[in-house]
Amino acid sequence: MGIPLNVLIVEDSEEDGLLILHELKNGGYDTLYKRVYTLEAMSNALDAQSWDIILSDYQMPNFNGLNALTLVKEKGIDIPFILVSGAISEEMAIEAMKAGAHDFVLKNDLSRLVPAIKRELKEAKIREERRQTIKALKESENLYRTIFENTGTAMVIINEDTRIALSNIEVEKIFGYKKDELEGKKSWTEIVVKEDIDRLMEYHRLRRIKSDLAPRSYETKIIDKHGNIRDVYVNATLIPETKQTLASLIDITERKKMEDELKRRVKELEDFYEMAIGRELRMIELKEEIERLKEELEKYKK
């Protein structure tokens, strides 16, 4: 059994159509075909089903190969299109190739037809695989972008040059900057407080040598758009196969204030405790001194 092949033959000559089919059979193809010779019939055939390849004569009574190519383009179909013509000038061949024909074969040299078909089918398969890969990448990108934008956590993607490549809407709540003020415009070094830059730049460098050389989580301080200093907890990791960092950010400013307040109160209590203990010791000493004086007084009474 031959290789299945769906062929749309655009040819007004039934005899020439049969010669093409004979050549395909000799080339190992089991052909399912339809022969058309008007623009309307060709349009209907393209709408009715999918085809593996189109083999078209160049000059026919009602229309020509260029009209056929234009129709395929208008329908947005990517399908191998080979001109099979009795006679075609070099100028016509160049014009046809510019219009989108993949190859042309002369009817008096049909030995070239099967190799041309095999080559173009292979190229068409590569193009389809590329389209599917791009489609999958776009779907994956859209999925991850949706997650990135709607995660509920402030997140940024940072380029190797320290510029912010992407940020989500949650970042605005911390930094005060809108996405279009950050993306591709600001470096994180413009936002971090000066005293933290050297430390974070070292993390940035080490992370690109080996991810576990830099701490994944750390605290830093940033200066927001309005000049306020905010405490931020950062979780940063290198995106696989890239030099970009994905960082999630949590504003811990209020938590740090509470921690500082608790520390202050603990210190006060510790100081009070030490003072109270000191007072208690002094009271004990005073009581002992009073008792001693009483004893002395009793001696004098005697």
# chains A, B, ... in the order shown; residues from 1 in each chain; ligands from 1
$ residues_around --residues "Arg207 of chain A" --least-positions-apart "6" --cutoff "8 Å" --atoms "only C-alpha atoms" --output "MDAnalysis selection string"
chainID A and resid 213:214 237:238
$ write_last_selection --atoms "N, CA and C atoms" --output "tab-separated table (two decimals), in the first residue's frame"
chain	number	residue	atom	x	y	z
A	213	LEU	N	24.64	29.95	45.78
A	213	LEU	CA	25.68	30.79	46.39
A	213	LEU	C	25.08	32.03	47.06
A	214	ALA	N	23.92	32.44	46.58
A	214	ALA	CA	23.25	33.61	47.15
A	214	ALA	C	22.04	33.16	47.96
A	237	THR	N	14.84	33.95	42.93
A	237	THR	CA	15.41	32.76	42.30
A	237	THR	C	15.65	33.04	40.83
A	238	LEU	N	16.65	32.38	40.26
A	238	LEU	CA	16.96	32.55	38.84
A	238	LEU	C	15.99	31.71	38.01
$ residues_around --residues "Lys210 of chain A" --least-positions-apart "6" --cutoff "12 Å" --atoms "only C-alpha atoms" --output "PyMOL selection string"
chain A and resi 203-204+216+237-238+240+243
$ write_last_selection --atoms "N, CA and C atoms" --output "PDB file, in the first residue's frame"
ATOM      1  N   TYR A 203      24.637  39.465  45.907  1.00  0.00           N
ATOM      2  CA  TYR A 203      23.675  38.368  45.730  1.00  0.00           C
ATOM      3  C   TYR A 203      23.362  38.190  44.243  1.00  0.00           C
ATOM      4  N   HIS A 204      23.142  39.314  43.570  1.00  0.00           N
ATOM      5  CA  HIS A 204      22.798  39.316  42.138  1.00  0.00           C
ATOM      6  C   HIS A 204      23.900  38.639  41.320  1.00  0.00           C
ATOM      7  N   ARG A 216      18.371  32.726  49.139  1.00  0.00           N
ATOM      8  CA  ARG A 216      17.126  32.831  48.383  1.00  0.00           C
ATOM      9  C   ARG A 216      16.190  33.867  49.016  1.00  0.00           C
ATOM     10  N   THR A 237      14.837  33.949  42.931  1.00  0.00           N
ATOM     11  CA  THR A 237      15.414  32.761  42.302  1.00  0.00           C
ATOM     12  C   THR A 237      15.654  33.039  40.825  1.00  0.00           C
ATOM     13  N   LEU A 238      16.646  32.382  40.257  1.00  0.00           N
ATOM     14  CA  LEU A 238      16.960  32.551  38.839  1.00  0.00           C
ATOM     15  C   LEU A 238      15.986  31.714  38.011  1.00  0.00           C
ATOM     16  N   PRO A 240      15.008  29.285  35.237  1.00  0.00           N
ATOM     17  CA  PRO A 240      15.823  28.288  34.529  1.00  0.00           C
ATOM     18  C   PRO A 240      16.097  28.670  33.079  1.00  0.00           C
ATOM     19  N   LYS A 243      19.095  34.355  32.442  1.00  0.00           N
ATOM     20  CA  LYS A 243      19.869  35.134  33.404  1.00  0.00           C
ATOM     21  C   LYS A 243      18.946  36.091  34.164  1.00  0.00           C
TER      22      LYS A 243
END
$ residues_around --residues "Ile191 of chain A" --least-positions-apart "5" --cutoff "7 Å" --atoms "only C-alpha atoms" --output "PDB file with N, CA and C atoms, in the first residue's frame"
ATOM      1  N   ILE A 222      13.528  49.583  50.889  1.00  0.00           N
ATOM      2  CA  ILE A 222      13.391  50.291  49.617  1.00  0.00           C
ATOM      3  C   ILE A 222      12.835  51.684  49.877  1.00  0.00           C
ATOM      4  N   ILE A 223      13.055  52.558  48.901  1.00  0.00           N
ATOM      5  CA  ILE A 223      12.479  53.905  48.965  1.00  0.00           C
ATOM      6  C   ILE A 223      11.387  53.977  47.910  1.00  0.00           C
ATOM      7  N   ASP A 224      10.137  54.153  48.332  1.00  0.00           N
ATOM      8  CA  ASP A 224       9.046  54.160  47.363  1.00  0.00           C
ATOM      9  C   ASP A 224       8.999  55.486  46.595  1.00  0.00           C
TER      10      ASP A 224
END
$ residues_around --residues "Asn64 of chain A" --least-positions-apart "6" --cutoff "10 Å" --atoms "only C-alpha atoms" --output "VMD selection string"
chain A and resid 10 to 11 37 to 39 56 to 58
$ closest_residue --among "A:Val72, A:Leu137, A:Leu83, A:Ala165" --to "Leu182 of chain A" --atoms "only C-alpha atoms"
A:Ala165
$ select_by_dssp --residues "segment 212-257 of chain A" --states "strand (DSSP E or B)" --output "count of residues only"
24
$ decode --residues "segment 79-114 of chain A" --atoms "N, CA and C atoms" --output "PDB file, in the first residue's frame"
ATOM      1  N   ILE A  79      -0.126  25.642   2.458  1.00  0.00           N
ATOM      2  CA  ILE A  79      -0.123  24.327   1.823  1.00  0.00           C
ATOM      3  C   ILE A  79       0.870  24.348   0.664  1.00  0.00           C
ATOM      4  N   PRO A  80       1.660  23.296   0.499  1.00  0.00           N
ATOM      5  CA  PRO A  80       2.598  23.260  -0.636  1.00  0.00           C
ATOM      6  C   PRO A  80       1.862  23.457  -1.965  1.00  0.00           C
ATOM      7  N   PHE A  81       2.389  24.357  -2.776  1.00  0.00           N
ATOM      8  CA  PHE A  81       1.766  24.693  -4.060  1.00  0.00           C
ATOM      9  C   PHE A  81       2.838  24.558  -5.131  1.00  0.00           C
ATOM     10  N   ILE A  82       2.655  23.576  -6.014  1.00  0.00           N
ATOM     11  CA  ILE A  82       3.631  23.336  -7.084  1.00  0.00           C
ATOM     12  C   ILE A  82       2.958  23.568  -8.434  1.00  0.00           C
ATOM     13  N   LEU A  83       3.581  24.401  -9.236  1.00  0.00           N
ATOM     14  CA  LEU A  83       3.085  24.615 -10.596  1.00  0.00           C
ATOM     15  C   LEU A  83       3.566  23.482 -11.495  1.00  0.00           C
ATOM     16  N   VAL A  84       2.640  22.889 -12.235  1.00  0.00           N
ATOM     17  CA  VAL A  84       2.986  21.846 -13.209  1.00  0.00           C
ATOM     18  C   VAL A  84       2.477  22.348 -14.557  1.00  0.00           C
ATOM     19  N   SER A  85       3.403  22.836 -15.388  1.00  0.00           N
ATOM     20  CA  SER A  85       2.990  23.544 -16.598  1.00  0.00           C
ATOM     21  C   SER A  85       3.669  22.986 -17.842  1.00  0.00           C
ATOM     22  N   GLY A  86       2.956  23.136 -18.958  1.00  0.00           N
ATOM     23  CA  GLY A  86       3.516  22.666 -20.225  1.00  0.00           C
ATOM     24  C   GLY A  86       4.658  23.543 -20.680  1.00  0.00           C
ATOM     25  N   ALA A  87       4.513  24.828 -20.479  1.00  0.00           N
ATOM     26  CA  ALA A  87       5.573  25.766 -20.860  1.00  0.00           C
ATOM     27  C   ALA A  87       5.451  26.994 -19.981  1.00  0.00           C
ATOM     28  N   ILE A  88       6.580  27.430 -19.455  1.00  0.00           N
ATOM     29  CA  ILE A  88       6.564  28.602 -18.586  1.00  0.00           C
ATOM     30  C   ILE A  88       7.895  29.331 -18.751  1.00  0.00           C
ATOM     31  N   SER A  89       7.801  30.612 -18.976  1.00  0.00           N
ATOM     32  CA  SER A  89       9.026  31.393 -19.160  1.00  0.00           C
ATOM     33  C   SER A  89       9.700  31.632 -17.808  1.00  0.00           C
ATOM     34  N   GLU A  90      10.952  32.044 -17.885  1.00  0.00           N
ATOM     35  CA  GLU A  90      11.692  32.322 -16.650  1.00  0.00           C
ATOM     36  C   GLU A  90      11.032  33.457 -15.874  1.00  0.00           C
ATOM     37  N   GLU A  91      10.543  34.473 -16.611  1.00  0.00           N
ATOM     38  CA  GLU A  91       9.880  35.606 -15.959  1.00  0.00           C
ATOM     39  C   GLU A  91       8.617  35.160 -15.242  1.00  0.00           C
ATOM     40  N   MET A  92       7.841  34.276 -15.902  1.00  0.00           N
ATOM     41  CA  MET A  92       6.616  33.757 -15.290  1.00  0.00           C
ATOM     42  C   MET A  92       6.934  32.932 -14.042  1.00  0.00           C
ATOM     43  N   ALA A  93       7.991  32.122 -14.144  1.00  0.00           N
ATOM     44  CA  ALA A  93       8.390  31.275 -13.009  1.00  0.00           C
ATOM     45  C   ALA A  93       8.780  32.137 -11.813  1.00  0.00           C
ATOM     46  N   ILE A  94       9.563  33.196 -12.069  1.00  0.00           N
ATOM     47  CA  ILE A  94       9.984  34.099 -10.990  1.00  0.00           C
ATOM     48  C   ILE A  94       8.775  34.788 -10.372  1.00  0.00           C
ATOM     49  N   GLU A  95       7.847  35.231 -11.228  1.00  0.00           N
ATOM     50  CA  GLU A  95       6.637  35.894 -10.746  1.00  0.00           C
ATOM     51  C   GLU A  95       5.819  34.949  -9.868  1.00  0.00           C
ATOM     52  N   ALA A  96       5.717  33.685 -10.306  1.00  0.00           N
ATOM     53  CA  ALA A  96       4.954  32.690  -9.546  1.00  0.00           C
ATOM     54  C   ALA A  96       5.601  32.402  -8.195  1.00  0.00           C
ATOM     55  N   MET A  97       6.927  32.298  -8.173  1.00  0.00           N
ATOM     56  CA  MET A  97       7.633  32.026  -6.918  1.00  0.00           C
ATOM     57  C   MET A  97       7.468  33.201  -5.954  1.00  0.00           C
ATOM     58  N   LYS A  98       7.511  34.419  -6.500  1.00  0.00           N
ATOM     59  CA  LYS A  98       7.298  35.600  -5.657  1.00  0.00           C
ATOM     60  C   LYS A  98       5.883  35.618  -5.097  1.00  0.00           C
ATOM     61  N   ALA A  99       4.932  35.096  -5.877  1.00  0.00           N
ATOM     62  CA  ALA A  99       3.533  35.078  -5.443  1.00  0.00           C
ATOM     63  C   ALA A  99       3.262  33.994  -4.407  1.00  0.00           C
ATOM     64  N   GLY A 100       4.222  33.073  -4.218  1.00  0.00           N
ATOM     65  CA  GLY A 100       4.045  32.061  -3.171  1.00  0.00           C
ATOM     66  C   GLY A 100       4.150  30.624  -3.623  1.00  0.00           C
ATOM     67  N   ALA A 101       4.389  30.379  -4.924  1.00  0.00           N
ATOM     68  CA  ALA A 101       4.569  28.995  -5.382  1.00  0.00           C
ATOM     69  C   ALA A 101       5.843  28.419  -4.774  1.00  0.00           C
ATOM     70  N   HIS A 102       5.795  27.151  -4.383  1.00  0.00           N
ATOM     71  CA  HIS A 102       6.954  26.534  -3.742  1.00  0.00           C
ATOM     72  C   HIS A 102       7.925  25.930  -4.761  1.00  0.00           C
ATOM     73  N   ASP A 103       7.402  25.561  -5.930  1.00  0.00           N
ATOM     74  CA  ASP A 103       8.268  24.999  -6.975  1.00  0.00           C
ATOM     75  C   ASP A 103       7.471  24.960  -8.271  1.00  0.00           C
ATOM     76  N   PHE A 104       8.157  24.699  -9.364  1.00  0.00           N
ATOM     77  CA  PHE A 104       7.449  24.466 -10.626  1.00  0.00           C
ATOM     78  C   PHE A 104       8.131  23.321 -11.367  1.00  0.00           C
ATOM     79  N   VAL A 105       7.294  22.527 -12.035  1.00  0.00           N
ATOM     80  CA  VAL A 105       7.765  21.348 -12.768  1.00  0.00           C
ATOM     81  C   VAL A 105       7.163  21.399 -14.167  1.00  0.00           C
ATOM     82  N   LEU A 106       7.983  21.137 -15.158  1.00  0.00           N
ATOM     83  CA  LEU A 106       7.487  21.105 -16.536  1.00  0.00           C
ATOM     84  C   LEU A 106       6.830  19.762 -16.825  1.00  0.00           C
ATOM     85  N   LYS A 107       5.743  19.792 -17.587  1.00  0.00           N
ATOM     86  CA  LYS A 107       5.002  18.563 -17.885  1.00  0.00           C
ATOM     87  C   LYS A 107       5.818  17.576 -18.709  1.00  0.00           C
ATOM     88  N   ASN A 108       6.802  18.089 -19.438  1.00  0.00           N
ATOM     89  CA  ASN A 108       7.645  17.177 -20.224  1.00  0.00           C
ATOM     90  C   ASN A 108       8.819  16.630 -19.411  1.00  0.00           C
ATOM     91  N   ASP A 109       8.840  16.953 -18.110  1.00  0.00           N
ATOM     92  CA  ASP A 109       9.891  16.432 -17.224  1.00  0.00           C
ATOM     93  C   ASP A 109       9.280  16.111 -15.856  1.00  0.00           C
ATOM     94  N   LEU A 110       8.266  15.228 -15.854  1.00  0.00           N
ATOM     95  CA  LEU A 110       7.549  14.903 -14.619  1.00  0.00           C
ATOM     96  C   LEU A 110       8.376  14.080 -13.637  1.00  0.00           C
ATOM     97  N   SER A 111       9.570  13.662 -14.048  1.00  0.00           N
ATOM     98  CA  SER A 111      10.434  12.913 -13.123  1.00  0.00           C
ATOM     99  C   SER A 111      10.817  13.774 -11.908  1.00  0.00           C
ATOM    100  N   ARG A 112      10.729  15.085 -12.054  1.00  0.00           N
ATOM    101  CA  ARG A 112      11.047  15.995 -10.944  1.00  0.00           C
ATOM    102  C   ARG A 112       9.890  16.150  -9.961  1.00  0.00           C
ATOM    103  N   LEU A 113       8.700  15.672 -10.352  1.00  0.00           N
ATOM    104  CA  LEU A 113       7.506  15.961  -9.562  1.00  0.00           C
ATOM    105  C   LEU A 113       7.534  15.309  -8.178  1.00  0.00           C
ATOM    106  N   VAL A 114       7.777  14.001  -8.133  1.00  0.00           N
ATOM    107  CA  VAL A 114       7.744  13.287  -6.843  1.00  0.00           C
ATOM    108  C   VAL A 114       8.810  13.806  -5.871  1.00  0.00           C
TER     109      VAL A 114
END
